[in-house]
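Below is data_29.pdb, holding PDB, C-alpha atoms.
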```
ATOM      1  CA  MET J   1      -4.669  35.776   1.425
ATOM      2  CA  TYR J   2      -4.969  33.929  -1.836
ATOM      3  CA  GLU J   3      -3.405  35.646  -4.842
ATOM      4  CA  ALA J   4      -4.233  33.558  -7.923
ATOM      5  CA  VAL J   5      -6.499  30.839  -9.306
ATOM      6  CA  VAL J   6      -5.601  28.053 -11.719
ATOM      7  CA  ILE J   7      -8.252  25.933 -13.410
ATOM      8  CA  GLY J   8      -8.046  22.717 -15.410
ATOM      9  CA  ALA J   9     -10.791  21.241 -17.585
ATOM     10  CA  SER J  10     -11.230  18.775 -20.416
ATOM     11  CA  ALA J  11     -14.318  17.096 -21.889
ATOM     12  CA  GLY J  12     -17.355  19.275 -21.149
ATOM     13  CA  GLY J  13     -15.084  21.947 -19.733
ATOM     14  CA  LEU J  14     -16.056  24.864 -21.957
ATOM     15  CA  TYR J  15     -19.552  25.065 -20.481
ATOM     16  CA  ALA J  16     -18.261  24.293 -16.986
ATOM     17  CA  LEU J  17     -15.803  27.189 -17.309
ATOM     18  CA  ARG J  18     -18.587  29.443 -18.562
ATOM     19  CA  ASP J  19     -20.798  28.566 -15.611
ATOM     20  CA  LEU J  20     -17.974  29.122 -13.119
ATOM     21  CA  LEU J  21     -16.570  32.347 -14.579
ATOM     22  CA  SER J  22     -19.994  33.906 -15.136
ATOM     23  CA  GLY J  23     -20.434  33.972 -11.365
ATOM     24  CA  LEU J  24     -17.349  36.142 -10.771
ATOM     25  CA  PRO J  25     -17.481  39.964 -10.730
ATOM     26  CA  LYS J  26     -15.590  42.233 -13.102
ATOM     27  CA  GLY J  27     -13.381  43.421 -10.225
ATOM     28  CA  PHE J  28     -12.318  39.932  -9.119
ATOM     29  CA  PRO J  29      -9.023  40.687  -7.299
ATOM     30  CA  ALA J  30      -6.772  37.958  -8.718
ATOM     31  CA  PRO J  31      -5.525  36.604 -12.039
ATOM     32  CA  ILE J  32      -6.999  33.334 -13.277
ATOM     33  CA  ALA J  33      -5.056  30.980 -15.556
ATOM     34  CA  ALA J  34      -6.911  28.107 -17.175
ATOM     35  CA  VAL J  35      -6.156  25.093 -19.333
ATOM     36  CA  GLN J  36      -8.928  23.554 -21.386
ATOM     37  CA  HIS J  37      -7.898  20.610 -23.535
ATOM     38  CA  ILE J  38      -8.533  21.911 -27.062
ATOM     39  CA  ALA J  39      -7.467  21.495 -30.640
ATOM     40  CA  PRO J  40      -5.315  24.391 -31.937
ATOM     41  CA  GLN J  41      -7.998  25.559 -34.341
ATOM     42  CA  SER J  42     -10.527  26.039 -31.501
ATOM     43  CA  GLN J  43      -8.539  28.508 -29.451
ATOM     44  CA  SER J  44      -9.925  31.879 -30.570
ATOM     45  CA  TYR J  45     -13.526  30.703 -30.376
ATOM     46  CA  MET J  46     -13.083  29.566 -26.785
ATOM     47  CA  SER J  47     -11.858  32.921 -25.455
ATOM     48  CA  GLU J  48     -14.543  34.773 -27.410
ATOM     49  CA  PHE J  49     -17.276  32.473 -26.106
ATOM     50  CA  LEU J  50     -16.163  32.882 -22.490
ATOM     51  CA  SER J  51     -15.751  36.677 -22.863
ATOM     52  CA  GLU J  52     -19.326  36.947 -24.078
ATOM     53  CA  ASN J  53     -20.590  35.007 -21.062
ATOM     54  CA  CYS J  54     -18.756  36.562 -18.124
ATOM     55  CA  ALA J  55     -17.806  39.969 -16.709
ATOM     56  CA  LEU J  56     -14.089  39.223 -16.539
ATOM     57  CA  ARG J  57     -11.669  39.878 -19.367
ATOM     58  CA  VAL J  58     -10.861  36.535 -21.034
ATOM     59  CA  LYS J  59      -7.915  36.302 -23.414
ATOM     60  CA  GLU J  60      -5.601  33.814 -24.995
ATOM     61  CA  ALA J  61      -2.293  33.807 -23.111
ATOM     62  CA  GLU J  62       0.814  35.274 -24.742
ATOM     63  CA  ASP J  63       4.402  34.315 -24.005
ATOM     64  CA  LYS J  64       6.113  36.601 -21.409
ATOM     65  CA  GLU J  65       2.795  38.278 -20.580
ATOM     66  CA  LYS J  66       2.463  39.714 -17.065
ATOM     67  CA  LEU J  67      -0.410  38.302 -15.012
ATOM     68  CA  MET J  68      -2.991  40.961 -14.153
ATOM     69  CA  ILE J  69      -5.839  40.814 -11.660
ATOM     70  CA  GLY J  70      -9.346  40.544 -13.067
ATOM     71  CA  CYS J  71      -8.169  38.721 -16.186
ATOM     72  CA  VAL J  72      -8.586  35.093 -17.279
ATOM     73  CA  TYR J  73      -5.697  33.687 -19.333
ATOM     74  CA  MET J  74      -6.494  30.677 -21.506
ATOM     75  CA  ALA J  75      -3.731  28.354 -22.689
ATOM     76  CA  PRO J  76      -3.523  28.459 -26.499
ATOM     77  CA  GLY J  77      -4.122  25.235 -28.376
ATOM     78  CA  GLY J  78      -0.877  23.353 -28.979
ATOM     79  CA  TYR J  79       1.079  25.073 -26.165
ATOM     80  CA  HIS J  80       1.727  24.227 -22.538
ATOM     81  CA  MET J  81       1.248  27.300 -20.325
ATOM     82  CA  MET J  82       3.311  27.918 -17.182
ATOM     83  CA  ILE J  83       3.786  30.696 -14.632
ATOM     84  CA  GLU J  84       7.311  31.977 -14.024
ATOM     85  CA  GLN J  85       8.777  33.316 -10.766
ATOM     86  CA  ASP J  86       8.326  36.902 -11.977
ATOM     87  CA  ARG J  87       4.603  36.149 -12.421
ATOM     88  CA  THR J  88       4.676  36.189 -16.182
ATOM     89  CA  LEU J  89       3.330  33.468 -18.444
ATOM     90  CA  SER J  90       5.475  31.224 -20.588
ATOM     91  CA  LEU J  91       4.352  29.009 -23.443
ATOM     92  CA  SER J  92       6.129  25.912 -24.692
ATOM     93  CA  VAL J  93       5.753  23.251 -27.343
ATOM     94  CA  ASP J  94       7.424  20.579 -25.208
ATOM     95  CA  ASP J  95       6.185  17.014 -25.565
ATOM     96  CA  LYS J  96       2.577  16.220 -24.773
ATOM     97  CA  ILE J  97       1.844  15.318 -21.154
ATOM     98  CA  ASN J  98      -1.003  12.905 -20.414
ATOM     99  CA  PHE J  99      -1.360  12.757 -24.224
ATOM    100  CA  VAL J 100      -2.325  16.443 -24.476
ATOM    101  CA  ARG J 101      -0.835  19.890 -25.105
ATOM    102  CA  PRO J 102      -1.848  22.111 -23.404
ATOM    103  CA  ALA J 103      -1.780  19.962 -20.283
ATOM    104  CA  ILE J 104      -3.007  20.993 -16.855
ATOM    105  CA  ASP J 105      -0.156  19.609 -14.743
ATOM    106  CA  PRO J 106       2.548  22.022 -16.039
ATOM    107  CA  LEU J 107       0.372  25.032 -15.194
ATOM    108  CA  PHE J 108      -0.553  23.753 -11.731
ATOM    109  CA  GLU J 109       2.993  22.667 -10.840
ATOM    110  CA  SER J 110       4.571  25.942 -11.969
ATOM    111  CA  ALA J 111       1.894  28.026 -10.228
ATOM    112  CA  ALA J 112       2.387  26.066  -6.991
ATOM    113  CA  ARG J 113       6.110  26.904  -7.033
ATOM    114  CA  VAL J 114       5.365  30.614  -7.484
ATOM    115  CA  TYR J 115       2.322  31.187  -5.274
ATOM    116  CA  LYS J 116       2.768  28.377  -2.699
ATOM    117  CA  SER J 117       0.038  28.704  -0.021
ATOM    118  CA  HIS J 118      -1.523  31.683  -1.799
ATOM    119  CA  LEU J 119      -2.898  29.613  -4.710
ATOM    120  CA  VAL J 120      -6.319  28.107  -5.403
ATOM    121  CA  GLY J 121      -6.420  25.140  -7.798
ATOM    122  CA  ILE J 122      -9.631  23.898  -9.410
ATOM    123  CA  ILE J 123     -10.241  20.719 -11.408
ATOM    124  CA  LEU J 124     -13.396  20.542 -13.507
ATOM    125  CA  THR J 125     -14.961  17.907 -15.745
ATOM    126  CA  GLY J 126     -12.667  15.805 -17.934
ATOM    127  CA  GLY J 127     -11.990  12.355 -19.259
ATOM    128  CA  ASN J 128      -8.440  11.619 -18.080
ATOM    129  CA  ALA J 129      -6.172  12.076 -15.053
ATOM    130  CA  ASP J 130      -4.458  15.308 -16.156
ATOM    131  CA  GLY J 131      -4.261  17.801 -13.290
ATOM    132  CA  ALA J 132      -4.360  15.267 -10.460
ATOM    133  CA  MET J 133      -0.617  15.442  -9.773
ATOM    134  CA  GLY J 134      -0.617  19.205 -10.243
ATOM    135  CA  LEU J 135      -3.418  19.633  -7.710
ATOM    136  CA  ARG J 136      -1.479  17.453  -5.280
ATOM    137  CA  ASN J 137       1.511  19.787  -5.744
ATOM    138  CA  ILE J 138      -0.708  22.766  -4.926
ATOM    139  CA  LYS J 139      -1.859  21.061  -1.727
ATOM    140  CA  ASN J 140       1.711  20.111  -0.804
ATOM    141  CA  GLN J 141       2.674  23.807  -1.055
ATOM    142  CA  GLY J 142      -0.204  24.787   1.259
ATOM    143  CA  GLY J 143      -2.638  25.943  -1.433
ATOM    144  CA  LEU J 144      -6.368  25.244  -1.624
ATOM    145  CA  ALA J 145      -7.753  22.395  -3.768
ATOM    146  CA  ILE J 146     -11.267  22.526  -5.214
ATOM    147  CA  VAL J 147     -12.739  19.785  -7.405
ATOM    148  CA  GLN J 148     -16.029  19.564  -9.246
ATOM    149  CA  ASP J 149     -18.284  16.919  -7.729
ATOM    150  CA  PRO J 150     -17.856  13.965 -10.125
ATOM    151  CA  LEU J 151     -21.590  13.292  -9.874
ATOM    152  CA  THR J 152     -22.238  16.667 -11.525
ATOM    153  CA  ALA J 153     -19.457  16.468 -14.141
ATOM    154  CA  GLU J 154     -20.112  15.675 -17.789
ATOM    155  CA  SER J 155     -16.954  13.525 -17.624
ATOM    156  CA  PRO J 156     -16.232  12.411 -14.046
ATOM    157  CA  ALA J 157     -12.839  10.733 -14.587
ATOM    158  CA  MET J 158     -10.676  13.836 -14.128
ATOM    159  CA  PRO J 159     -12.368  15.128 -10.967
ATOM    160  CA  GLN J 160     -12.302  11.628  -9.500
ATOM    161  CA  ALA J 161      -8.592  11.229 -10.300
ATOM    162  CA  ALA J 162      -7.885  14.502  -8.468
ATOM    163  CA  ILE J 163      -9.914  13.379  -5.453
ATOM    164  CA  ASP J 164      -8.032  10.074  -5.412
ATOM    165  CA  ALA J 165      -4.647  11.820  -5.661
ATOM    166  CA  THR J 166      -4.863  14.317  -2.808
ATOM    167  CA  ASN J 167      -6.797  15.534   0.213
ATOM    168  CA  VAL J 168      -9.142  17.929  -1.581
ATOM    169  CA  ASP J 169     -10.533  20.852   0.436
ATOM    170  CA  HIS J 170     -13.849  21.297  -1.373
ATOM    171  CA  ILE J 171     -15.846  18.956  -3.642
ATOM    172  CA  LEU J 172     -18.601  21.084  -5.154
ATOM    173  CA  PRO J 173     -21.024  21.412  -8.050
ATOM    174  CA  ILE J 174     -20.097  24.255 -10.414
ATOM    175  CA  VAL J 175     -22.893  26.470  -9.101
ATOM    176  CA  GLU J 176     -21.222  26.641  -5.663
ATOM    177  CA  MET J 177     -17.694  27.445  -6.883
ATOM    178  CA  ALA J 178     -18.042  31.128  -7.779
ATOM    179  CA  PRO J 179     -19.640  32.044  -4.418
ATOM    180  CA  LEU J 180     -16.785  30.238  -2.651
ATOM    181  CA  LEU J 181     -14.159  32.050  -4.738
ATOM    182  CA  ARG J 182     -15.813  35.393  -4.066
ATOM    183  CA  SER J 183     -15.704  34.725  -0.338
ATOM    184  CA  LEU J 184     -12.078  33.548  -0.451
ATOM    185  CA  PHE J 185     -10.902  36.665  -2.267
ATOM    186  CA  ASP J 186     -12.938  39.340  -0.473
ATOM    187  CA  GLY J 187     -10.160  39.981   2.050
ATOM    188  CA  GLY J 188     -11.479  37.859   4.900
ATOM    189  CA  SER J 189      -9.553  35.189   6.781
ATOM    190  CA  ASN J 190      -9.841  32.850   3.844
ATOM    191  CA  HIS J 191      -7.838  29.992   5.357
ATOM    192  CA  ALA J 192     -10.734  29.329   7.746
ATOM    193  CA  TYR J 193     -12.741  27.381   5.187
ATOM    194  CA  ALA J 194     -13.044  23.721   6.050
ATOM    195  CA  ARG J 195     -13.343  20.727   3.783
ATOM    196  CA  SER J 196     -16.926  20.425   2.580
TER     197      SER J 196
END
```
Any chance you could give the structure as structure tokens?
Amino acid sequence: MYEAVVIGASAGGLYALRDLLSGLPKGFPAPIAAVQHIAPQSQSYMSEFLSENCALRVKEAEDKEKLMIGCVYMAPGGYHMMIEQDRTLSLSVDDKINFVRPAIDPLFESAARVYKSHLVGIILTGGNADGAMGLRNIKNQGGLAIVQDPLTAESPAMPQAAIDATNVDHILPIVEMAPLLRSLFDGGSNHAYARS
């Protein structure tokens, strides 16, 4: 069984996140942690926008906060977000990674250490290679890797970098991601899904 979802997005990601999250039900049985490359002053708007467009609770992550199912945690602008072994969130102002803070790789790498094969990682549209190494870490720990089809991405560089970095399980347009996540988390034998 999968237990958590991590998502990374950059250029064009706000609308990609909206389209993905809007397809998930209020009772989605896992926490979701997401990094969208943003400027610090944009952070409150982003959570509000996503909350208005999906059934899940969307909030800006707080340091030491416990991950709860059915909630989407957004990395605040200016902070890296990571998941600790006790399944709480931690925020840091460590140096920028891939020229950005928040960066996707710290979230993905920390989540892979905690959840191992019970983690789903998703890379959406973006203009750099952030997240590619983190997604590879998720795969190396036995987790599932999903990447937006670069042909459907507003900025294809980030999805393509992830595809180049690891053996991705699913390459999908946004519209197909929520149905896949619903099927993976409905209690079935979710490891049976093949690469598409």
Once the PyMOL selection byres ((chain J and resi 100-109) around 6) has been evaluated on this model, what residues remain selected, and can you format them as number ranges by chain? J: 8, 35, 78-82, 96-99, 110-112, 130-131, 134
Deliver the residues from the most recent selection as a file, using C-alpha atoms, as an mmCIF file, in the frame of the given file.
```cif
data_model
loop_
_atom_site.group_PDB
_atom_site.id
_atom_site.type_symbol
_atom_site.label_atom_id
_atom_site.label_comp_id
_atom_site.auth_asym_id
_atom_site.auth_seq_id
_atom_site.Cartn_x
_atom_site.Cartn_y
_atom_site.Cartn_z
ATOM 1 C CA GLY J 8 -8.046 22.717 -15.410
ATOM 2 C CA VAL J 35 -6.156 25.093 -19.333
ATOM 3 C CA GLY J 78 -0.877 23.353 -28.979
ATOM 4 C CA TYR J 79 1.079 25.073 -26.165
ATOM 5 C CA HIS J 80 1.727 24.227 -22.538
ATOM 6 C CA MET J 81 1.248 27.300 -20.325
ATOM 7 C CA MET J 82 3.311 27.918 -17.182
ATOM 8 C CA LYS J 96 2.577 16.220 -24.773
ATOM 9 C CA ILE J 97 1.844 15.318 -21.154
ATOM 10 C CA ASN J 98 -1.003 12.905 -20.414
ATOM 11 C CA PHE J 99 -1.360 12.757 -24.224
ATOM 12 C CA SER J 110 4.571 25.942 -11.969
ATOM 13 C CA ALA J 111 1.894 28.026 -10.228
ATOM 14 C CA ALA J 112 2.387 26.066 -6.991
ATOM 15 C CA ASP J 130 -4.458 15.308 -16.156
ATOM 16 C CA GLY J 131 -4.261 17.801 -13.290
ATOM 17 C CA GLY J 134 -0.617 19.205 -10.243
#
```
When the PyMOL selection byres ((chain J and resi 160) around 9) is applied to the structure above, which residues does it catch, written out as an mmCIF file with C-alpha atoms, keeping the file's coordinate frame?
```cif
data_model
loop_
_atom_site.group_PDB
_atom_site.id
_atom_site.type_symbol
_atom_site.label_atom_id
_atom_site.label_comp_id
_atom_site.auth_asym_id
_atom_site.auth_seq_id
_atom_site.Cartn_x
_atom_site.Cartn_y
_atom_site.Cartn_z
ATOM 1 C CA ALA J 129 -6.172 12.076 -15.053
ATOM 2 C CA ALA J 132 -4.360 15.267 -10.460
ATOM 3 C CA VAL J 147 -12.739 19.785 -7.405
ATOM 4 C CA GLN J 148 -16.029 19.564 -9.246
ATOM 5 C CA ASP J 149 -18.284 16.919 -7.729
ATOM 6 C CA PRO J 150 -17.856 13.965 -10.125
ATOM 7 C CA PRO J 156 -16.232 12.411 -14.046
ATOM 8 C CA ALA J 157 -12.839 10.733 -14.587
ATOM 9 C CA MET J 158 -10.676 13.836 -14.128
ATOM 10 C CA PRO J 159 -12.368 15.128 -10.967
ATOM 11 C CA ALA J 161 -8.592 11.229 -10.300
ATOM 12 C CA ALA J 162 -7.885 14.502 -8.468
ATOM 13 C CA ILE J 163 -9.914 13.379 -5.453
ATOM 14 C CA ASP J 164 -8.032 10.074 -5.412
ATOM 15 C CA ALA J 165 -4.647 11.820 -5.661
#
```
Report, in Å to a single decimal, how far apart CA of Ala153 in chain J and CA of Ile38 in chain J are. 17.8 Å
Given the choices J:Met46, J:Ala4, J:Leu21, J:Met177, which gets closest to Met68 in chain J if the distance is worked out from all atoms listed in the file?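 Selected residue with least distance to Met68 in chain J: J:Ala4.
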CA of Asp169 in chain J to CA of Asn128 in chain J, distance in Å rounded to a single decimal: 20.8 Å
Using the chain letters and residue numbers of this document, give as a ChimeraX atom specification the residues selected by the PyMOL selection byres ((chain J and resi 33) around 12). /J:3-9,17,21,30-32,34-36,57-62,65-76,80-83,87-90,104,106-108,110-111,119-122
Axis-aligned box for range 24-35 of chain J, 8 Å per side, centre and edges in Å as lines of an AutoDock Vina configuration file:
```
center_x = -11.3
center_y = 34.3
center_z = -13.3
size_x = 28.4
size_y = 34.3
size_z = 28.0
```
Record the distance separating CA of Leu184 in chain J and CA of Glu52 in chain J, expressed in Å with one decimal. 24.9 Å
I want to know what sits within 7 Å of Ala55 in chain J, based on all atoms listed in the file, with residues of the same chain fewer than 2 positions away left out; could you give that as a PyMOL selection string? chain J and resi 22+25-26+57
